[in-house]
$ cat my_file_35.cif   # mmCIF, C-alpha atoms
data_query
#
loop_
_atom_site.label_atom_id
_atom_site.label_comp_id
_atom_site.auth_asym_id
_atom_site.auth_seq_id
_atom_site.Cartn_x
_atom_site.Cartn_y
_atom_site.Cartn_z
CA MET A 1 17.54 89.06 15.16
CA ILE A 2 15.88 86.30 17.19
CA ASP A 3 16.53 83.83 14.34
CA ALA A 4 20.26 84.56 14.44
CA VAL A 5 20.26 84.14 18.22
CA ILE A 6 18.61 80.70 17.92
CA VAL A 7 21.17 79.55 15.35
CA ALA A 8 24.01 80.95 17.45
CA GLY A 9 22.68 79.07 20.49
CA PHE A 10 22.49 75.85 18.51
CA LEU A 11 26.04 76.22 17.19
CA ALA A 12 27.26 77.01 20.71
CA ALA A 13 25.64 73.79 21.97
CA CYS A 14 27.43 71.83 19.23
CA LEU A 15 30.74 73.43 20.17
CA ALA A 16 30.16 72.56 23.82
CA LEU A 17 29.47 68.92 22.94
CA GLY A 18 32.64 68.76 20.86
CA ALA A 19 34.68 70.34 23.65
CA ARG A 20 33.42 67.76 26.17
CA ALA A 21 34.86 64.88 24.16
CA ARG A 22 38.11 63.37 25.35
CA ARG A 23 41.19 65.09 23.94
CA GLU A 24 42.80 62.76 21.44
CA GLU A 25 46.48 62.57 20.65
CA ASP A 26 46.46 58.91 19.63
CA LEU A 27 46.10 58.57 15.86
CA GLU A 28 43.49 55.82 15.91
CA GLY A 29 41.46 57.69 18.50
CA TRP A 30 41.58 60.92 16.51
CA ILE A 31 40.60 59.41 13.16
CA LEU A 32 38.44 56.42 14.19
CA ALA A 33 37.35 57.16 17.78
CA GLY A 34 38.96 53.92 18.94
CA ARG A 35 36.79 51.86 16.52
CA ALA A 36 34.00 52.02 19.09
CA LEU A 37 30.95 53.45 17.26
CA THR A 38 27.76 51.70 18.33
CA LEU A 39 24.86 51.31 15.90
CA PRO A 40 22.89 54.40 17.12
CA VAL A 41 26.00 56.58 17.07
CA PHE A 42 27.05 55.21 13.67
CA VAL A 43 23.69 56.19 12.15
CA ALA A 44 23.59 59.55 13.95
CA THR A 45 27.04 60.49 12.63
CA LEU A 46 26.76 59.10 9.07
CA VAL A 47 23.32 60.52 8.20
CA PRO A 48 24.06 64.25 8.71
CA THR A 49 27.70 64.03 7.59
CA PHE A 50 26.90 62.48 4.22
CA TYR A 51 23.86 64.73 3.71
CA GLY A 52 25.68 68.02 4.04
CA GLY A 53 24.59 69.53 0.74
CA VAL A 54 21.21 70.71 1.90
CA LEU A 55 21.36 74.18 0.31
CA GLY A 56 22.64 72.53 -2.87
CA ILE A 57 19.54 70.32 -2.83
CA GLY A 58 17.45 73.48 -2.55
CA GLU A 59 19.34 74.99 -5.49
CA PHE A 60 18.92 71.85 -7.60
CA THR A 61 15.22 71.36 -6.80
CA TRP A 62 14.41 75.02 -7.43
CA SER A 63 16.17 74.78 -10.81
CA ALA A 64 15.31 71.22 -11.95
CA GLY A 65 12.30 70.21 -9.88
CA LEU A 66 11.39 66.65 -9.03
CA SER A 67 14.41 65.32 -10.90
CA ASN A 68 16.24 66.04 -7.65
CA TRP A 69 14.82 62.73 -6.43
CA THR A 70 15.92 60.92 -9.60
CA ILE A 71 19.42 62.38 -9.68
CA MET A 72 20.38 63.31 -6.12
CA ALA A 73 18.58 60.57 -4.20
CA LEU A 74 17.89 57.27 -5.99
CA PRO A 75 21.41 56.60 -7.33
CA TYR A 76 22.91 57.32 -3.91
CA TYR A 77 20.53 54.84 -2.26
CA LEU A 78 21.58 52.25 -4.84
CA PHE A 79 25.32 52.70 -4.37
CA ALA A 80 25.01 53.03 -0.60
CA GLY A 81 23.15 49.70 -0.55
CA LEU A 82 25.86 48.07 -2.66
CA TYR A 83 28.48 49.51 -0.32
CA ALA A 84 26.67 48.10 2.70
CA VAL A 85 26.33 44.62 1.22
CA PHE A 86 29.71 44.19 -0.44
CA LEU A 87 32.20 46.63 1.11
CA ALA A 88 31.23 47.79 4.61
CA GLY A 89 32.32 44.62 6.39
CA ARG A 90 35.57 44.43 4.43
CA VAL A 91 36.40 48.05 5.27
CA ARG A 92 35.94 47.29 8.97
CA VAL A 93 38.35 44.33 9.04
CA THR A 94 40.97 45.64 6.59
CA PRO A 95 44.06 46.93 8.47
CA GLY A 96 44.81 50.63 8.16
CA LEU A 97 43.19 53.87 9.29
CA THR A 98 42.56 55.75 6.04
CA ILE A 99 41.95 55.15 2.35
CA PRO A 100 45.60 56.01 1.50
CA ASP A 101 46.69 53.36 4.05
CA HIS A 102 44.69 50.73 2.18
CA LEU A 103 46.00 51.89 -1.19
CA GLU A 104 49.59 51.67 0.05
CA ALA A 105 49.09 48.13 1.35
CA SER A 106 47.60 47.04 -1.97
CA TYR A 107 49.68 48.96 -4.54
CA GLY A 108 52.61 50.71 -2.85
CA LYS A 109 53.56 54.21 -1.81
CA PRO A 110 53.22 56.10 -5.14
CA THR A 111 49.62 55.00 -5.65
CA ALA A 112 48.88 55.84 -2.02
CA LEU A 113 50.22 59.37 -2.50
CA MET A 114 48.11 59.78 -5.62
CA GLY A 115 45.09 58.49 -3.75
CA ALA A 116 45.77 60.82 -0.82
CA CYS A 117 45.70 63.81 -3.16
CA LEU A 118 42.41 62.71 -4.72
CA VAL A 119 40.77 61.92 -1.38
CA PHE A 120 41.89 65.32 -0.11
CA VAL A 121 40.18 67.03 -3.07
CA LEU A 122 37.07 64.85 -2.73
CA ALA A 123 36.78 65.35 1.03
CA SER A 124 37.68 69.04 1.16
CA PRO A 125 34.46 70.78 2.27
CA ALA A 126 34.39 73.62 -0.25
CA ASP A 127 30.69 73.07 -0.95
CA GLU A 128 29.74 72.92 2.73
CA LEU A 129 31.84 76.01 3.42
CA LEU A 130 30.06 77.89 0.64
CA MET A 131 26.66 76.83 1.93
CA ALA A 132 27.45 77.61 5.56
CA GLY A 133 28.79 81.00 4.49
CA SER A 134 25.66 81.66 2.45
CA LEU A 135 23.42 80.82 5.42
CA LEU A 136 25.41 82.83 7.98
CA GLY A 137 25.66 85.71 5.53
CA HIS A 138 21.89 85.63 5.06
CA LEU A 139 21.37 85.75 8.83
CA THR A 140 23.97 88.39 9.67
CA GLY A 141 24.28 90.55 6.58
CA LEU A 142 27.97 89.69 6.20
CA SER A 143 29.45 88.94 2.79
CA THR A 144 29.54 85.28 1.82
CA GLY A 145 33.34 85.34 1.93
CA ALA A 146 33.50 86.70 5.48
CA ALA A 147 30.71 84.42 6.68
CA SER A 148 32.43 81.40 5.13
CA ALA A 149 35.62 82.22 7.02
CA ILE A 150 33.66 82.35 10.29
CA ALA A 151 31.95 79.04 9.49
CA GLY A 152 35.32 77.40 8.83
CA ALA A 153 36.70 78.67 12.13
CA LEU A 154 33.67 77.32 14.03
CA ALA A 155 34.04 73.88 12.43
CA LEU A 156 37.75 73.78 13.30
CA ALA A 157 37.01 74.71 16.90
CA LEU A 158 34.43 71.94 17.18
CA ILE A 159 36.68 69.06 16.11
CA TRP A 160 40.01 70.46 17.32
CA ARG A 161 40.00 68.63 20.65
CA GLY A 162 38.80 65.12 19.96
CA GLY A 163 38.66 64.50 16.21
CA LEU A 164 35.97 61.96 15.36
CA ARG A 165 34.89 61.72 19.01
CA SER A 166 34.08 65.45 19.04
CA ASP A 167 32.45 65.17 15.63
CA ALA A 168 30.20 62.27 16.66
CA ALA A 169 29.23 63.98 19.93
CA ALA A 170 27.90 67.00 18.00
CA ASN A 171 26.36 64.80 15.29
CA ARG A 172 23.85 63.32 17.73
CA LEU A 173 22.30 66.74 18.30
CA GLN A 174 22.66 67.75 14.65
CA PHE A 175 20.82 64.60 13.54
CA VAL A 176 17.73 65.49 15.59
CA VAL A 177 17.71 69.19 14.72
CA MET A 178 18.07 68.72 10.95
CA PHE A 179 14.98 66.52 10.77
CA ALA A 180 12.98 68.70 13.15
CA GLY A 181 13.80 71.87 11.21
CA PHE A 182 12.65 70.53 7.83
CA ALA A 183 9.57 68.87 9.29
CA LEU A 184 8.63 72.31 10.64
CA ILE A 185 8.72 74.25 7.36
CA ILE A 186 6.34 72.03 5.36
CA PRO A 187 3.12 72.99 7.25
CA PHE A 188 3.99 76.69 6.98
CA ALA A 189 4.66 76.37 3.23
CA TRP A 190 1.39 74.45 2.79
CA HIS A 191 -0.51 77.19 4.63
CA ALA A 192 1.10 80.00 2.61
CA VAL A 193 1.13 78.46 -0.87
CA GLY A 194 -1.59 75.81 -0.73
CA SER A 195 -1.82 72.04 -0.90
CA PRO A 196 0.72 70.05 -2.94
CA ALA A 197 -1.75 70.11 -5.84
CA ALA A 198 -2.00 73.90 -5.65
CA MET A 199 1.75 74.15 -5.40
CA ALA A 200 2.20 71.90 -8.44
CA ALA A 201 -0.08 74.15 -10.50
CA ARG A 202 2.31 77.06 -9.89
CA LEU A 203 5.45 75.21 -11.03
CA PRO A 204 7.05 75.75 -14.46
CA PRO A 205 6.24 73.20 -17.19
CA GLY A 206 8.34 70.07 -16.79
CA HIS A 207 9.25 70.80 -13.18
CA LEU A 208 7.52 67.60 -12.09
CA SER A 209 9.32 65.59 -14.76
CA TRP A 210 11.65 62.85 -13.49
CA THR A 211 14.39 64.13 -15.82
CA GLY A 212 14.01 67.86 -15.22
CA GLY A 213 14.64 68.49 -18.91
CA LEU A 214 18.17 67.07 -18.71
CA GLY A 215 19.44 65.04 -21.65
CA PRO A 216 20.49 61.37 -21.38
CA ALA A 217 24.23 62.17 -21.27
CA LYS A 218 23.78 64.63 -18.41
CA LEU A 219 21.57 62.20 -16.51
CA ILE A 220 24.11 59.40 -16.90
CA GLY A 221 26.83 61.81 -15.83
CA TRP A 222 24.98 62.61 -12.61
CA TRP A 223 24.31 58.92 -11.94
CA LEU A 224 28.01 58.19 -12.41
CA ILE A 225 28.83 60.93 -9.91
CA ALA A 226 26.74 58.96 -7.40
CA VAL A 227 29.58 56.41 -7.54
CA TRP A 228 31.07 59.00 -5.16
CA THR A 229 29.44 56.82 -2.48
CA ILE A 230 31.82 53.94 -3.25
CA VAL A 231 34.92 56.09 -2.76
CA ASP A 232 33.48 58.50 -0.20
CA PRO A 233 35.86 58.98 2.75
CA SER A 234 32.94 59.49 5.17
CA PHE A 235 31.59 56.01 4.45
CA HIS A 236 35.07 54.53 4.79
CA GLN A 237 35.81 56.30 8.08
CA ARG A 238 32.50 55.42 9.73
CA CYS A 239 32.71 51.78 8.66
CA ALA A 240 36.30 51.51 9.90
CA ALA A 241 35.25 53.13 13.19
CA ALA A 242 32.27 50.81 13.82
CA GLN A 243 32.42 48.31 16.65
CA SER A 244 31.93 45.43 14.21
CA PRO A 245 31.37 44.65 10.51
CA ALA A 246 27.71 43.91 11.26
CA ILE A 247 27.20 47.38 12.71
CA ALA A 248 28.82 48.93 9.63
CA ARG A 249 26.47 47.03 7.29
CA LYS A 250 23.30 47.60 9.31
CA GLY A 251 24.18 51.23 9.97
CA ILE A 252 24.36 52.08 6.26
CA LEU A 253 21.11 50.30 5.45
CA ILE A 254 19.30 52.11 8.28
CA SER A 255 20.85 55.40 7.15
CA ILE A 256 19.39 54.93 3.66
CA GLY A 257 15.93 54.94 5.23
CA PHE A 258 16.63 58.19 7.06
CA TRP A 259 18.03 59.78 3.90
CA ALA A 260 14.86 58.81 2.02
CA VAL A 261 12.71 60.56 4.64
CA PHE A 262 14.92 63.64 4.61
CA ASP A 263 14.90 63.72 0.79
CA LEU A 264 11.10 63.71 0.89
CA LEU A 265 11.18 66.75 3.18
CA THR A 266 13.84 68.68 1.26
CA THR A 267 12.41 67.97 -2.19
CA THR A 268 8.95 69.06 -1.07
CA ALA A 269 10.38 72.24 0.45
CA GLY A 270 12.36 72.91 -2.74
CA LEU A 271 9.24 72.60 -4.89
CA TYR A 272 7.37 74.95 -2.56
CA ALA A 273 10.28 77.39 -2.84
CA ARG A 274 9.99 77.41 -6.64
CA ALA A 275 6.22 77.89 -6.47
CA ALA A 276 6.43 80.69 -3.92
CA LEU A 277 9.60 82.39 -5.24
CA PRO A 278 9.71 81.99 -9.03
CA ALA A 279 12.32 84.71 -9.66
CA LEU A 280 15.21 84.00 -7.27
CA GLY A 281 18.51 85.61 -8.15
CA ASN A 282 20.47 83.10 -6.04
CA PRO A 283 18.85 79.62 -5.97
CA THR A 284 21.39 78.48 -3.36
CA LEU A 285 19.30 80.50 -0.88
CA ALA A 286 16.00 78.88 -1.93
CA PHE A 287 15.39 77.34 1.51
CA PRO A 288 16.33 80.39 3.62
CA LEU A 289 14.28 82.71 1.41
CA LEU A 290 11.30 80.36 1.53
CA ALA A 291 11.52 80.45 5.32
CA ASP A 292 11.64 84.25 5.22
CA ALA A 293 8.49 84.26 3.10
CA VAL A 294 6.31 81.74 4.97
CA MET A 295 7.55 81.36 8.57
CA PRO A 296 7.29 83.65 11.60
CA PRO A 297 10.24 84.46 13.88
CA VAL A 298 11.35 81.68 16.25
CA ALA A 299 9.94 78.98 13.98
CA ARG A 300 12.12 80.40 11.23
CA GLY A 301 15.11 80.37 13.57
CA LEU A 302 14.50 76.70 14.37
CA PHE A 303 14.38 75.94 10.65
CA PHE A 304 17.65 77.80 10.10
CA ALA A 305 19.13 75.72 12.92
CA GLY A 306 17.99 72.60 11.01
CA ILE A 307 19.81 73.79 7.90
CA SER A 308 22.95 74.61 9.86
CA ALA A 309 22.84 71.19 11.55
CA SER A 310 23.25 69.41 8.24
CA LEU A 311 25.78 71.90 6.87
CA PHE A 312 28.07 71.96 9.88
CA ALA A 313 27.94 68.18 10.38
CA ALA A 314 29.34 67.72 6.89
CA LEU A 315 31.72 70.67 7.18
CA GLN A 316 33.38 69.44 10.36
CA GLY A 317 33.37 65.77 9.33
CA THR A 318 34.85 66.18 5.87
CA ALA A 319 37.45 68.67 7.12
CA LEU A 320 38.69 66.00 9.52
CA LEU A 321 38.91 63.45 6.71
CA ALA A 322 40.74 65.78 4.34
CA ALA A 323 43.22 66.73 7.07
CA ALA A 324 44.10 63.08 7.65
CA CYS A 325 45.24 62.85 4.01
CA LEU A 326 47.81 65.61 4.50
CA GLY A 327 49.82 63.78 7.12
CA LYS A 328 49.07 61.84 10.27
CA SER A 329 51.69 63.55 12.39
CA ARG A 330 50.28 67.07 11.98
CA LEU A 331 46.52 66.58 11.95
CA ARG A 332 45.63 69.95 13.44
CA ALA A 333 47.89 71.78 10.97
CA GLY A 334 46.17 69.70 8.28
CA LEU A 335 42.80 70.99 9.46
CA VAL A 336 43.91 74.59 8.94
CA ALA A 337 45.35 73.80 5.49
CA THR A 338 42.12 72.02 4.53
CA MET A 339 40.01 75.04 5.40
CA ILE A 340 42.29 77.40 3.47
CA PHE A 341 42.12 75.18 0.36
CA SER A 342 38.35 74.73 0.68
CA TYR A 343 37.82 78.46 1.09
CA ALA A 344 39.82 79.18 -2.08
CA LEU A 345 37.92 76.52 -4.04
CA SER A 346 34.55 77.83 -2.84
CA ARG A 347 35.48 81.30 -4.10
CA LEU A 348 36.66 79.90 -7.44
CA VAL A 349 33.46 77.90 -8.08
CA PRO A 350 30.69 79.78 -6.21
CA SER A 351 27.94 77.25 -6.96
CA VAL A 352 27.19 74.25 -4.78
CA VAL A 353 25.88 72.14 -7.66
CA GLY A 354 28.81 73.30 -9.79
CA LEU A 355 31.26 72.18 -7.09
CA TRP A 356 29.59 68.77 -6.81
CA TYR A 357 29.77 68.22 -10.55
CA ALA A 358 33.32 69.52 -11.02
CA VAL A 359 34.92 67.80 -8.03
CA GLY A 360 33.05 64.51 -8.46
CA SER A 361 33.65 64.34 -12.20
CA ALA A 362 37.38 64.98 -11.82
CA ALA A 363 38.27 62.90 -8.76
CA ILE A 364 36.09 59.79 -8.98
CA PRO A 365 37.67 58.33 -12.17
CA GLY A 366 41.05 58.35 -10.44
CA LEU A 367 39.84 56.56 -7.31
CA LEU A 368 37.14 54.11 -8.33
CA LEU A 369 39.13 51.16 -9.72
CA PRO A 370 42.00 51.34 -7.21
CA MET A 371 39.49 51.36 -4.34
CA LEU A 372 37.52 48.44 -5.76
CA GLY A 373 40.79 46.55 -6.14
CA VAL A 374 41.61 47.10 -2.46
CA TYR A 375 38.55 45.11 -1.37
CA ALA A 376 38.41 42.70 -4.34
CA PRO A 377 41.96 41.32 -4.71
CA ALA A 378 40.94 39.21 -7.70
CA ILE A 379 40.76 42.33 -9.91
CA ARG A 380 43.88 43.99 -8.47
CA VAL A 381 46.72 45.06 -10.77
CA PRO A 382 50.43 45.76 -10.08
CA GLY A 383 51.21 49.06 -8.43
CA GLN A 384 52.59 50.79 -11.50
CA TRP A 385 49.41 50.04 -13.44
CA ALA A 386 47.20 51.15 -10.57
CA LEU A 387 49.11 54.44 -10.46
CA ALA A 388 48.87 54.92 -14.22
CA SER A 389 45.13 54.15 -14.21
CA SER A 390 44.49 56.52 -11.31
CA ALA A 391 46.55 59.41 -12.68
CA ALA A 392 45.14 59.09 -16.20
CA GLY A 393 41.54 58.97 -15.02
CA TRP A 394 42.04 62.02 -12.84
CA LEU A 395 44.00 64.15 -15.32
CA VAL A 396 41.77 63.48 -18.32
CA SER A 397 38.58 64.18 -16.38
CA LEU A 398 40.13 67.28 -14.83
CA ALA A 399 41.05 68.57 -18.28
CA TRP A 400 37.49 67.90 -19.48
CA VAL A 401 36.09 69.82 -16.49
CA ALA A 402 38.43 72.76 -17.18
CA VAL A 403 37.51 72.93 -20.86
CA ALA A 404 33.79 72.68 -20.05
CA ARG A 405 34.11 75.61 -17.62
CA ILE A 406 36.01 77.71 -20.16
CA LYS A 407 33.86 76.91 -23.20
CA GLY A 408 30.55 76.46 -21.41
CA ALA A 409 30.07 73.02 -22.96
CA PRO A 410 31.86 69.67 -22.56
CA LEU A 411 34.54 68.76 -25.09
CA LEU A 412 33.19 66.54 -27.92
CA GLY A 413 29.83 66.56 -26.14
CA LEU A 414 31.14 64.06 -23.56
CA GLU A 415 30.53 64.63 -19.86
CA PRO A 416 33.88 64.71 -17.96
CA MET A 417 33.40 61.39 -16.17
CA PHE A 418 33.20 59.36 -19.39
CA PRO A 419 36.69 59.90 -20.88
CA GLY A 420 38.33 59.59 -17.45
CA LEU A 421 36.61 56.33 -16.62
CA LEU A 422 37.25 54.91 -20.10
CA LEU A 423 40.98 55.65 -20.04
CA SER A 424 41.35 54.52 -16.43
CA GLY A 425 39.49 51.29 -17.24
CA ALA A 426 41.55 50.66 -20.37
CA LEU A 427 44.85 51.00 -18.50
CA TRP A 428 43.53 48.83 -15.68
CA ALA A 429 42.56 46.14 -18.19
CA VAL A 430 46.01 46.23 -19.81
CA GLY A 431 47.67 45.99 -16.40
CA TYR A 432 45.44 43.09 -15.41
CA ALA A 433 46.13 41.24 -18.66
CA SER A 434 49.89 41.79 -18.43
CA SER A 435 50.05 40.59 -14.83
CA ALA A 436 47.99 37.53 -15.75
CA ARG A 437 50.42 36.72 -18.58
CA THR A 438 53.37 37.17 -16.23
CA VAL A 439 51.89 34.76 -13.71
CA HIS A 440 51.04 32.26 -16.45
CA ALA A 441 54.54 32.47 -17.93
CA ALA A 442 56.35 32.15 -14.60
CA PRO A 443 58.23 28.85 -14.23
CA SER A 444 56.72 26.36 -11.87
CA SER A 445 58.40 26.11 -8.47
CA THR A 446 57.80 22.36 -8.41
CA PRO A 447 60.44 20.34 -10.32
CA HIS A 448 59.12 18.16 -13.11
CA ALA A 449 59.43 14.45 -12.56
CA PRO A 450 62.03 12.77 -14.79
CA GLN A 451 60.61 11.16 -17.87
#

$ encode --input "my_file_35.cif" --output "structure tokens"
Amino acid sequence: MIDAVIVAGFLAACLALGARARREEDLEGWILAGRALTLPVFVATLVPTFYGGVLGIGEFTWSAGLSNWTIMALPYYLFAGLYAVFLAGRVRVTPGLTIPDHLEASYGKPTALMGACLVFVLASPADELLMAGSLLGHLTGLSTGAASAIAGALALALIWRGGLRSDAAANRLQFVVMFAGFALIIPFAWHAVGSPAAMAARLPPGHLSWTGGLGPAKLIGWWLIAVWTIVDPSFHQRCAAAQSPAIARKGILISIGFWAVFDLLTTTAGLYARAALPALGNPTLAFPLLADAVMPPVARGLFFAGISASLFAALQGTALLAAACLGKSRLRAGLVATMIFSYALSRLVPSVVGLWYAVGSAAIPGLLLPMLGVYAPAIRVPGQWALASSAAGWLVSLAWVAVARIKGAPLLGLEPMFPGLLLSGALWAVGYASSARTVHAAPSSTPHAPQ
């Protein structure tokens, strides 16, 4: 009971911080907080928002061991670094509030509408809603469905007043609590299970392998999903909301360091969970059940608050981003629609890792090339080709995901990202070549001198 009270107190404090933020009716204020994020606030809001899949990390580490670091950490550091160096500054100075705004300016309305649909799917917090529901259900005894509905209502209440301002105000507390909570569980797990060497001796064979027993195609598929970083709406929003391009670049690079520290904590806790609890029926609850097994009351409640800090930061932040894709004139109605869609998706695919793989595999092929073309005009294609490339990448990958879920194995042995990216890339190349020929064949505007 005391653990639930501690978590409830923490969530109430987050709600109070969100409610204190200035009420926003101005569009730029709601979505980008007036483009006024300082470096400390930028880091404090990006770190927990982008790392919302903490129970999914527990699930993956319990199931696949140390490969969590190889698959769920290293590729994201790489792509986040590339984003910081090559894209962050451009995002900050490019006119427009959202990713669909940038797509419309570069390719026209149809491509922007396609992009808005894909960003909505990518940003919709179905995974965070499932995790938050799992945690609240574990604490209260409610069903996951009922607890997920409560979690969604709490997230809506937090950001309802001030949009990104409310979100960032709560993020500053969530940032501190998420690190403190996971730093707290490691000593208790060490005391209960033994040193890391003793823990390693109790792991299944191959659990300390960097591949986790996954084949090359699956590994490449997961690395390609890390391209999510390049098209991630959270990165885009925070960079656009920074006070300057320099803050956007530095903020991402500093955030990578914090993510590395947090990955060390979560991966270690996940390995201890597998050693201590080798027969879990629901690996999504690996972290909460480890806390139940090794931590006393109060300390356990603080750890649960650390989990909820990460989950709710991502839940509230991504809900705001998805809502912005549904229409700028009815943002609060968009928030409600986002939560309804996310709830339905979380019930359809009740696995956090499964949601990551399905959503990322389907949506990224439709967004990657159009987004790169926004910030690199030299590779841009005409609007009709951008739309064709985006739609084809999305639909083919979506079909591959659907077949894989029905049959239990990917069609032709290909992971869903591959055919989508190949077809999207092929259409993009044709569009680029045709536009280059058109430019080359166009008559010169300068009259020839008489011979």

$ resolve_selection --input "my_file_35.cif" --expression "the PyMOL selection byres ((chain A and resi 354) around 12)" --output "list in words"
Gly53, Gly56, Ile57, Glu59, Phe60, Ala126, Asp127, Leu130, Trp222, Thr284, Leu345, Ser346, Arg347, Leu348, Val349, Pro350, Ser351, Val352, Val353, Leu355, Trp356, Tyr357, Ala358, Val359, Gly360, Ser361, Val401, Ala404 and Arg405 of chain A

$ resolve_selection --input "my_file_35.cif" --expression "the PyMOL selection byres ((chain A and resi 392) around 9)" --output "PyMOL selection string"
chain A and resi 365-366+387-391+393-397+420-421+423-424+427

$ atom_distance --input "my_file_35.cif" --atom1 "CA of Pro245 in chain A" --atom2 "CA of Phe42 in chain A"
11.8 Å

$ atom_distance --input "my_file_35.cif" --atom1 "CA of Ser106 in chain A" --atom2 "CA of Arg35 in chain A"
22.0 Å

$ atom_distance --input "my_file_35.cif" --atom1 "CA of Leu290 in chain A" --atom2 "CA of Ala273 in chain A"
5.4 Å

$ resolve_selection --input "my_file_35.cif" --expression "the PyMOL selection byres ((chain A and resi 289) around 12)" --output "compact mmCIF listing (two decimals) with C-alpha atoms, in the coordinates of the input"
# COMPACT_ATOMS: atom_id res chain seq x y z
CA LEU A 55 21.36 74.18 0.31
CA GLY A 58 17.45 73.48 -2.55
CA GLU A 59 19.34 74.99 -5.49
CA TRP A 62 14.41 75.02 -7.43
CA SER A 134 25.66 81.66 2.45
CA LEU A 135 23.42 80.82 5.42
CA HIS A 138 21.89 85.63 5.06
CA LEU A 139 21.37 85.75 8.83
CA ILE A 185 8.72 74.25 7.36
CA ALA A 189 4.66 76.37 3.23
CA ALA A 269 10.38 72.24 0.45
CA GLY A 270 12.36 72.91 -2.74
CA TYR A 272 7.37 74.95 -2.56
CA ALA A 273 10.28 77.39 -2.84
CA ARG A 274 9.99 77.41 -6.64
CA ALA A 276 6.43 80.69 -3.92
CA LEU A 277 9.60 82.39 -5.24
CA PRO A 278 9.71 81.99 -9.03
CA ALA A 279 12.32 84.71 -9.66
CA LEU A 280 15.21 84.00 -7.27
CA GLY A 281 18.51 85.61 -8.15
CA ASN A 282 20.47 83.10 -6.04
CA PRO A 283 18.85 79.62 -5.97
CA THR A 284 21.39 78.48 -3.36
CA LEU A 285 19.30 80.50 -0.88
CA ALA A 286 16.00 78.88 -1.93
CA PHE A 287 15.39 77.34 1.51
CA PRO A 288 16.33 80.39 3.62
CA LEU A 290 11.30 80.36 1.53
CA ALA A 291 11.52 80.45 5.32
CA ASP A 292 11.64 84.25 5.22
CA ALA A 293 8.49 84.26 3.10
CA VAL A 294 6.31 81.74 4.97
CA MET A 295 7.55 81.36 8.57
CA ARG A 300 12.12 80.40 11.23
CA PHE A 303 14.38 75.94 10.65
CA PHE A 304 17.65 77.80 10.10

$ closest_residue --input "my_file_35.cif" --among "A:Ala105, A:Val54, A:Ala333, A:Ala116" --to "Pro377 in chain A" --atoms "only C-alpha atoms"
A:Ala105

$ closest_residue --input "my_file_35.cif" --among "A:Gly213, A:Gly334, A:Gly206, A:Gly89" --to "Ala322 in chain A" --atoms "only C-alpha atoms"
A:Gly334

$ closest_residue --input "my_file_35.cif" --among "A:Ile159, A:Met1, A:Ala376, A:Leu369" --to "Ala426 in chain A" --atoms "only C-alpha atoms"
A:Leu369

$ closest_residue --input "my_file_35.cif" --among "A:Arg172, A:Arg202, A:Arg161, A:Arg249" --to "Leu331 in chain A" --atoms "only C-alpha atoms"
A:Arg161

$ residues_around --input "my_file_35.cif" --residues "Arg332 in chain A" --least-positions-apart "2" --cutoff "9 Å" --atoms "only C-alpha atoms" --output "list of chain:residue names"
A:Leu156, A:Trp160, A:Leu320, A:Ala323, A:Ser329, A:Arg330, A:Gly334, A:Leu335, A:Val336, A:Ala337

$ residues_around --input "my_file_35.cif" --residues "Leu103 in chain A" --least-positions-apart "4" --cutoff "10 Å" --atoms "all atoms listed in the file" --output "PyMOL selection string"
chain A and resi 96+98-99+107-116+367+370-371+373-374+383+386

$ residues_around --input "my_file_35.cif" --residues "Ala242 in chain A" --least-positions-apart "4" --cutoff "8 Å" --atoms "all atoms listed in the file" --output "mmCIF file with C-alpha atoms, keeping the file's coordinate frame"
data_model
loop_
_atom_site.group_PDB
_atom_site.id
_atom_site.type_symbol
_atom_site.label_atom_id
_atom_site.label_comp_id
_atom_site.auth_asym_id
_atom_site.auth_seq_id
_atom_site.Cartn_x
_atom_site.Cartn_y
_atom_site.Cartn_z
ATOM 1 C CA ARG A 35 36.790 51.860 16.520
ATOM 2 C CA ALA A 36 34.000 52.020 19.090
ATOM 3 C CA LEU A 37 30.950 53.450 17.260
ATOM 4 C CA THR A 38 27.760 51.700 18.330
ATOM 5 C CA LEU A 39 24.860 51.310 15.900
ATOM 6 C CA PHE A 42 27.050 55.210 13.670
ATOM 7 C CA ARG A 92 35.940 47.290 8.970
ATOM 8 C CA ARG A 238 32.500 55.420 9.730
ATOM 9 C CA ILE A 247 27.200 47.380 12.710
ATOM 10 C CA ALA A 248 28.820 48.930 9.630
#

$ residues_around --input "my_file_35.cif" --residues "Phe235 in chain A" --least-positions-apart "2" --cutoff "12 Å" --atoms "all atoms listed in the file" --output "PyMOL selection string"
chain A and resi 32+42-43+45-51+79-81+83-84+87-89+91-92+98-99+123+228-233+237-242+248-249+251-253+255+317-318+321

$ closest_residue --input "my_file_35.cif" --among "A:His236, A:Ala313, A:Ala436, A:Thr70" --to "Pro100 in chain A" --atoms "all atoms listed in the file"
A:His236

$ residues_near_point --input "my_file_35.cif" --point "(30.3, 72.7, 18.8)" --cutoff "8 Å" --atoms "all atoms listed in the file" --output "PyMOL selection string"
chain A and resi 11-19+154-155+157-159+170

$ residues_around --input "my_file_35.cif" --residues "Ala217 in chain A" --least-positions-apart "3" --cutoff "8 Å" --atoms "all atoms listed in the file" --output "number ranges by chain"
A: 220-221, 414-415
